[in-house]
Amino acid sequence: MKKITRREVLKKFTAGVSAAAVLPKINLDRGFVDFDAPNSAVQVKTSRKPLVRAAFVRPDVEKYWMGWPGASFDIKGHQVQYTKVLTDAAKKFGIDLEIIEAPLHDSNTISAFLESLEKAPPDGIVIVSMSLNDPAWGNINHIAENHGEIPMVVFSQMGTSFTQHLQGTRNITGVTVGATQDVSWLNFAMRMLNTIWQMKHTRICIMRGNKTYDRQLDTIGTTIHYIPRNRFSEEFKKTETTEEIRAIADYYESRSERIVEPNRGDRINAAKNYIVSRRIMEAENCHGISMDCLGLVGDRQIPCPPCIALLRLLDEGYVGTCEASVNHTISQRLTSLLFDRPGFMQDPAPNTVNNTLMAAHCTSPTRLDGFNRSHEPFILRNHNESELGVSPQVLWRVGQKITIMQFTRPDSILLGTGRVLRNIDTPPAGGCRTSMEIEVDGVPDVRDTKGFHQLFIYSDLEIPFKAYCELAGIKVVHI
C-alpha cells in the first residue's frame with residue numbers, strides 16, 4: 001500500500017479532493033470530505049423516500065372572468081410554474097412527489113382526494129389555492145379539517161386569498177398556510193415536509209451513564225440512542241496518531257487567527273476526538289452525537305475536551321453537542337435541516353447593568369452563515385474550566401441579527417430574536433471561550449428570559465420557525 005504523507009493529506013483537505021479513502025466512511029453516505037468544501041444538513045438514508053401529494057384547488061375553467069385573481073391570471077401557466085417549483089424541490093430534497101393535475105373543484109373531486117389520503121397516506125400534503133372565488137376556500141377548509149394527521153401545507157399566491165379566507169385553517173393542528181406573492185416559497189414548503197420526515201427518522205447518540213438503550217421522542221419521532229459514557233475514552237485510547245489526524249490538526253492551526261494556550265499535542269488530541277466521534281457515529285448508525293463531556297474531562301478520562309470535534313461535526317451538517325443534552329441535540333438537528341446552518345448552544349448570563357444577555361460556551365460552530373458559506377474567524381484557546389486541550393473562541397459578527405431557539409420538550413420550543421452587540425474575552429471575564437453579549441427583542445427585563453442552553457442562530461428566522469411548528473404540531477413560547 002502506498003504511504004500518504006501528511007502534506008499530501010492536507011492537500012486533499014484544502015484542494016477540494018475527497019479523502020473518503022483514508023478515513024472511516026459513515027453509513028450515511030457522508031464520507032470524510034474537504035474541510036473547506038460546501039456542505040448541507042446530512043439527510044437520512046432509508047429504503048424509501050418521503051412521499052408528498054400535491055393538488056390544485058380552483059374552478060374547472062379555462063379562464064377567469066371578474067374577481068381575483070383576475071382575467072389576466074394564466075391558469076395553465078401558473079399551474080405549470082407551481083409544478084416546476086415543487087418538482088425541483090422534490091429532486092433537491094429527495095422526495096417522491098405525486099401531483100394531481102386535474103383541479104379539485106367540487107364535492108366529488110374533494111371526496112376522492114380525501115379517500116386517497118386514507119387509503120394510501122403520503123408523508124405530506126401540498127394544497128395550492130388558485131382562486132378565492134367560492135367554493136375554493138370552502139374546499140380547502142374541508143380538506144384541512146378532514147386530512148387526518150398528515151402534515152399539510154396550503155400555498156396561496158397573492159390574488160387567491162383575502163383576510164377572511166385565511167381564518168379557517170388557523171387553529172387546525174398540522175396545517176400551515178403560506179400566503180405570499182413569492183412562488184419560490186413552495187420550495188420552503190417542501191423543505192418543511194422533508195424536515196418533519198427527516199426528524200422522525202433521525203438517530204442521535206447520547207453518551208452518558210453505563211447502559212445501552214433507545215428512546216423514541218414523542219411528536220417529532222427522533223430516536224435517542226444511549227450508550228455508555230466510557231465508550232468514548234475506550235475508543236480514544238485505541239486511536240493512533242495517523243497522518244490524517246495530523247492533517248486535521250494542521251488544518252485548524254492554519255485557519256485560526258492565532259493560537260494562545262494549546263500546544264501541538266493538545267491539537268493532535270483535539271483532532272483525534274473528531275475521528276473517535278465519527279467512528280462511534282458510524283458504528284451506531286447515528287446522525288449526531290452528544291456526550292457527558294464535562295464528566296469525561298472532570299474524571300480525566302480523556303486528555304482533551306471534544307470542543308473541536310463538536311465544532312467540526314456542526315460545520316459538516318451533523319449534530320455534535322456537549323453535556324449529553326437531548327433538547328439541545330434535537331434543536332441543532334431541526335435548525336440544520338430547516339435552514340442549512342448550525343446553531344450555538346450557550347449558557348445564558350443576564351447583564352442587569354445593560355439589560356442584555358451575556359452568553360458563553362466551550363464550543364461553537366464556525367459556519368454560522370450556512371454550511372455552504374465560509375467560516376467565521378476563530379482563535380485556538382484551551383478549555384477555560386480545566387485549562388486542558390483545545391477550545392475555540394469563535395468571533396461572532398457584531399450587529400448580526402440572530403434567532404434564539406430551544407426545544408424544552410419534543411412538542412414545545414422557545415423562540416425569540418436578538419442582535420449581537422460584542423464579543424467578550426476570557427480573561428478578563430470568566431466563563432467559556434466563545435462569549436458574547438446580545439440584546440434580546442421584546443424582553444423588558446432580561447432576567448425573565450426563558451430557557452437554558454438556547455441556540456443562537458444567524459438571521460431572523462422567527463416566522464419560518466413558527467410555520468414549521470404549526471405544521472409539525474409543536475407549541476411555540478416566546479423567549
# chains A, B, ... in the order shown; residues from 1 in each chain; ligands from 1
$ select_by_dssp --residues "stretch 194-350 of chain A" --states "strand (DSSP E or B)" --output "list in words"
Arg203, Ile204, Cys205, Ile206, Met207, Tyr213, Asp214, Arg215, Gln216, Thr223, Ile224, His225, Tyr226, Ile227, Ile259, Gly288, Ile289, Ser290, Met291, Val319, Gly320, Thr321, Cys322, Phe344, Met345, Asp347, Pro348, Ala349 and Pro350 of chain A
$ residues_around --residues "stretch 159-168 of chain A" --least-positions-apart "6" --cutoff "6 Å" --atoms "only C-alpha atoms" --output "list in words"
Trp68, Pro69, Met130, Ser131, Leu132 and Asn141 of chain A
$ atom_distance --atom1 "atom CA of A:Thr222" --atom2 "atom CA of A:Leu294"
24.7 Å
$ atom_distance --atom1 "atom CA of A:Gln216" --atom2 "atom CA of A:Phe236"
28.5 Å
$ residues_around --residues "A:Val297" --least-positions-apart "4" --cutoff "12 Å" --atoms "only C-alpha atoms" --output "JSON, numbers by chain"
{"A": [229, 230, 232, 233, 291, 292, 293, 301, 302, 303, 304, 305, 306, 307, 322, 323, 383, 384, 385, 386, 387, 388, 389]}
$ closest_residue --among "A:His361, A:Arg381, A:Lys475, A:His375" --to "A:Phe407" --atoms "only C-alpha atoms"
A:Lys475
$ residues_around --residues "A:Thr403" --least-positions-apart "6" --cutoff "6 Å" --atoms "only C-alpha atoms" --output "MDAnalysis selection string"
chainID A and resid 416:417 456:457 460:461
$ closest_residue --among "A:Asn269, A:Asn351, A:Gln346, A:Gln400" --to "A:Ala249" --atoms "only C-alpha atoms"
A:Asn269
$ atom_distance --atom1 "atom CA of A:Ile100" --atom2 "atom CA of A:Gly473"
26.0 Å
$ residues_around --residues "A:Glu98" --least-positions-apart "6" --cutoff "12 Å" --atoms "only C-alpha atoms" --output "NGL selection string"
:A and (50-55 or 83 or 86-87 or 90 or 116-117 or 120-127)
$ closest_residue --among "A:Asp411, A:Asp36, A:Glu257, A:Glu235" --to "A:Glu470" --atoms "only C-alpha atoms"
A:Asp411
$ select_by_dssp --residues "stretch 137-314 of chain A" --states "helix (DSSP H, G or I)" --output "ChimeraX atom specification"
/A:137-146,163-166,185-200,230-238,243-255,264-284,293-298,307-314
$ closest_residue --among "A:Thr202, A:Asn187, A:Ser256, A:Thr329" --to "A:Ala89" --atoms "only C-alpha atoms"
A:Asn187
$ closest_residue --among "A:Ile206, A:Leu395, A:Ile402, A:Leu217" --to "A:Leu380" --atoms "only C-alpha atoms"
A:Leu395
$ closest_residue --among "A:Phe93, A:Tyr458, A:Tyr82, A:Phe56" --to "A:Trp137" --atoms "only C-alpha atoms"
A:Phe56
$ residues_around --residues "A:Pro444" --least-positions-apart "3" --cutoff "12 Å" --atoms "only C-alpha atoms" --output "PyMOL selection string"
chain A and resi 352+354-357+439-441+447-449+479
$ residues_around --residues "A:Arg373" --least-positions-apart "6" --cutoff "9 Å" --atoms "only C-alpha atoms" --output "NGL selection string"
:A and (37-39 or 367)
$ decode --residues "stretch 162-210 of chain A" --atoms "N, CA and C atoms" --output "tab-separated table (two decimals), in the first residue's frame"
chain	number	residue	atom	x	y	z
A	162	PHE	N	-58.11	36.60	0.64
A	162	PHE	CA	-58.24	37.79	1.47
A	162	PHE	C	-58.09	37.37	2.93
A	163	THR	N	-58.17	38.33	3.82
A	163	THR	CA	-58.02	38.03	5.24
A	163	THR	C	-59.00	36.96	5.70
A	164	GLN	N	-60.27	37.09	5.29
A	164	GLN	CA	-61.28	36.16	5.79
A	164	GLN	C	-61.04	34.73	5.31
A	165	HIS	N	-60.38	34.58	4.16
A	165	HIS	CA	-60.14	33.23	3.66
A	165	HIS	C	-59.11	32.47	4.48
A	166	LEU	N	-58.27	33.19	5.21
A	166	LEU	CA	-57.16	32.56	5.92
A	166	LEU	C	-57.49	32.23	7.36
A	167	GLN	N	-58.73	32.38	7.76
A	167	GLN	CA	-59.10	32.12	9.15
A	167	GLN	C	-59.42	30.65	9.42
A	168	GLY	N	-59.97	29.95	8.44
A	168	GLY	CA	-60.47	28.59	8.67
A	168	GLY	C	-59.40	27.58	9.02
A	169	THR	N	-58.15	27.81	8.58
A	169	THR	CA	-57.08	26.83	8.82
A	169	THR	C	-56.19	27.20	10.01
A	170	ARG	N	-56.45	28.31	10.66
A	170	ARG	CA	-55.50	28.86	11.63
A	170	ARG	C	-55.26	27.95	12.83
A	171	ASN	N	-56.29	27.29	13.31
A	171	ASN	CA	-56.16	26.52	14.54
A	171	ASN	C	-56.28	25.01	14.32
A	172	ILE	N	-55.98	24.57	13.10
A	172	ILE	CA	-56.02	23.14	12.81
A	172	ILE	C	-54.60	22.58	12.95
A	173	THR	N	-54.43	21.63	13.84
A	173	THR	CA	-53.12	21.04	14.08
A	173	THR	C	-52.58	20.39	12.81
A	174	GLY	N	-51.32	20.64	12.53
A	174	GLY	CA	-50.68	20.01	11.38
A	174	GLY	C	-50.92	20.71	10.07
A	175	VAL	N	-51.42	21.97	10.11
A	175	VAL	CA	-51.67	22.73	8.88
A	175	VAL	C	-51.00	24.10	9.01
A	176	THR	N	-50.29	24.50	7.96
A	176	THR	CA	-49.75	25.86	7.90
A	176	THR	C	-50.03	26.43	6.52
A	177	VAL	N	-50.18	27.75	6.45
A	177	VAL	CA	-50.52	28.43	5.20
A	177	VAL	C	-49.41	29.41	4.84
A	178	GLY	N	-48.97	29.35	3.60
A	178	GLY	CA	-48.04	30.33	3.06
A	178	GLY	C	-48.77	31.20	2.06
A	179	ALA	N	-49.21	32.38	2.50
A	179	ALA	CA	-49.88	33.33	1.61
A	179	ALA	C	-48.87	34.41	1.25
A	180	THR	N	-48.46	34.46	-0.01
A	180	THR	CA	-47.38	35.35	-0.43
A	180	THR	C	-47.41	35.52	-1.94
A	181	GLN	N	-46.76	36.57	-2.42
A	181	GLN	CA	-46.61	36.73	-3.87
A	181	GLN	C	-45.45	35.90	-4.41
A	182	ASP	N	-44.63	35.34	-3.51
A	182	ASP	CA	-43.39	34.66	-3.88
A	182	ASP	C	-43.63	33.17	-4.11
A	183	VAL	N	-43.65	32.76	-5.38
A	183	VAL	CA	-43.90	31.36	-5.73
A	183	VAL	C	-42.79	30.44	-5.21
A	184	SER	N	-41.58	30.99	-5.07
A	184	SER	CA	-40.47	30.16	-4.60
A	184	SER	C	-40.67	29.68	-3.17
A	185	TRP	N	-41.64	30.25	-2.44
A	185	TRP	CA	-41.91	29.78	-1.07
A	185	TRP	C	-42.30	28.30	-1.08
A	186	LEU	N	-42.83	27.81	-2.20
A	186	LEU	CA	-43.15	26.38	-2.29
A	186	LEU	C	-41.93	25.51	-2.04
A	187	ASN	N	-40.74	26.01	-2.34
A	187	ASN	CA	-39.52	25.28	-2.04
A	187	ASN	C	-39.37	25.08	-0.54
A	188	PHE	N	-39.67	26.13	0.24
A	188	PHE	CA	-39.59	26.01	1.69
A	188	PHE	C	-40.69	25.09	2.22
A	189	ALA	N	-41.85	25.11	1.56
A	189	ALA	CA	-42.92	24.19	1.96
A	189	ALA	C	-42.45	22.74	1.86
A	190	MET	N	-41.78	22.43	0.77
A	190	MET	CA	-41.26	21.06	0.60
A	190	MET	C	-40.14	20.78	1.60
A	191	ARG	N	-39.31	21.77	1.88
A	191	ARG	CA	-38.26	21.59	2.88
A	191	ARG	C	-38.87	21.27	4.25
A	192	MET	N	-39.94	21.97	4.62
A	192	MET	CA	-40.58	21.71	5.91
A	192	MET	C	-41.11	20.28	5.98
A	193	LEU	N	-41.78	19.84	4.92
A	193	LEU	CA	-42.31	18.48	4.92
A	193	LEU	C	-41.19	17.45	4.99
A	194	ASN	N	-40.12	17.70	4.26
A	194	ASN	CA	-38.97	16.81	4.32
A	194	ASN	C	-38.35	16.80	5.71
A	195	THR	N	-38.29	17.96	6.35
A	195	THR	CA	-37.70	18.06	7.68
A	195	THR	C	-38.49	17.25	8.70
A	196	ILE	N	-39.82	17.31	8.63
A	196	ILE	CA	-40.64	16.51	9.54
A	196	ILE	C	-40.31	15.03	9.38
A	197	TRP	N	-40.20	14.58	8.13
A	197	TRP	CA	-39.87	13.17	7.87
A	197	TRP	C	-38.46	12.85	8.35
A	198	GLN	N	-37.51	13.74	8.07
A	198	GLN	CA	-36.12	13.52	8.49
A	198	GLN	C	-36.01	13.44	10.01
A	199	MET	N	-36.71	14.32	10.71
A	199	MET	CA	-36.66	14.30	12.17
A	199	MET	C	-37.19	12.98	12.71
A	200	LYS	N	-38.23	12.44	12.09
A	200	LYS	CA	-38.80	11.17	12.54
A	200	LYS	C	-37.84	10.00	12.35
A	201	HIS	N	-36.95	10.12	11.39
A	201	HIS	CA	-36.04	9.01	11.08
A	201	HIS	C	-34.60	9.28	11.52
A	202	THR	N	-34.40	10.33	12.28
A	202	THR	CA	-33.07	10.68	12.79
A	202	THR	C	-32.73	9.85	14.03
A	203	ARG	N	-31.45	9.47	14.14
A	203	ARG	CA	-30.93	8.81	15.33
A	203	ARG	C	-29.78	9.66	15.88
A	204	ILE	N	-29.86	9.98	17.16
A	204	ILE	CA	-28.81	10.75	17.82
A	204	ILE	C	-28.22	9.90	18.94
A	205	CYS	N	-26.90	9.82	18.99
A	205	CYS	CA	-26.20	9.05	20.01
A	205	CYS	C	-25.92	9.94	21.22
A	206	ILE	N	-26.41	9.52	22.38
A	206	ILE	CA	-26.15	10.23	23.63
A	206	ILE	C	-25.26	9.35	24.50
A	207	MET	N	-24.10	9.88	24.90
A	207	MET	CA	-23.14	9.11	25.67
A	207	MET	C	-23.17	9.57	27.12
A	208	ARG	N	-23.84	8.80	27.95
A	208	ARG	CA	-23.87	9.08	29.39
A	208	ARG	C	-24.28	7.80	30.11
A	209	GLY	N	-23.96	7.73	31.40
A	209	GLY	CA	-24.31	6.55	32.18
A	209	GLY	C	-23.54	5.33	31.71
A	210	ASN	N	-24.14	4.15	31.95
A	210	ASN	CA	-23.45	2.90	31.60
A	210	ASN	C	-24.36	1.88	30.93
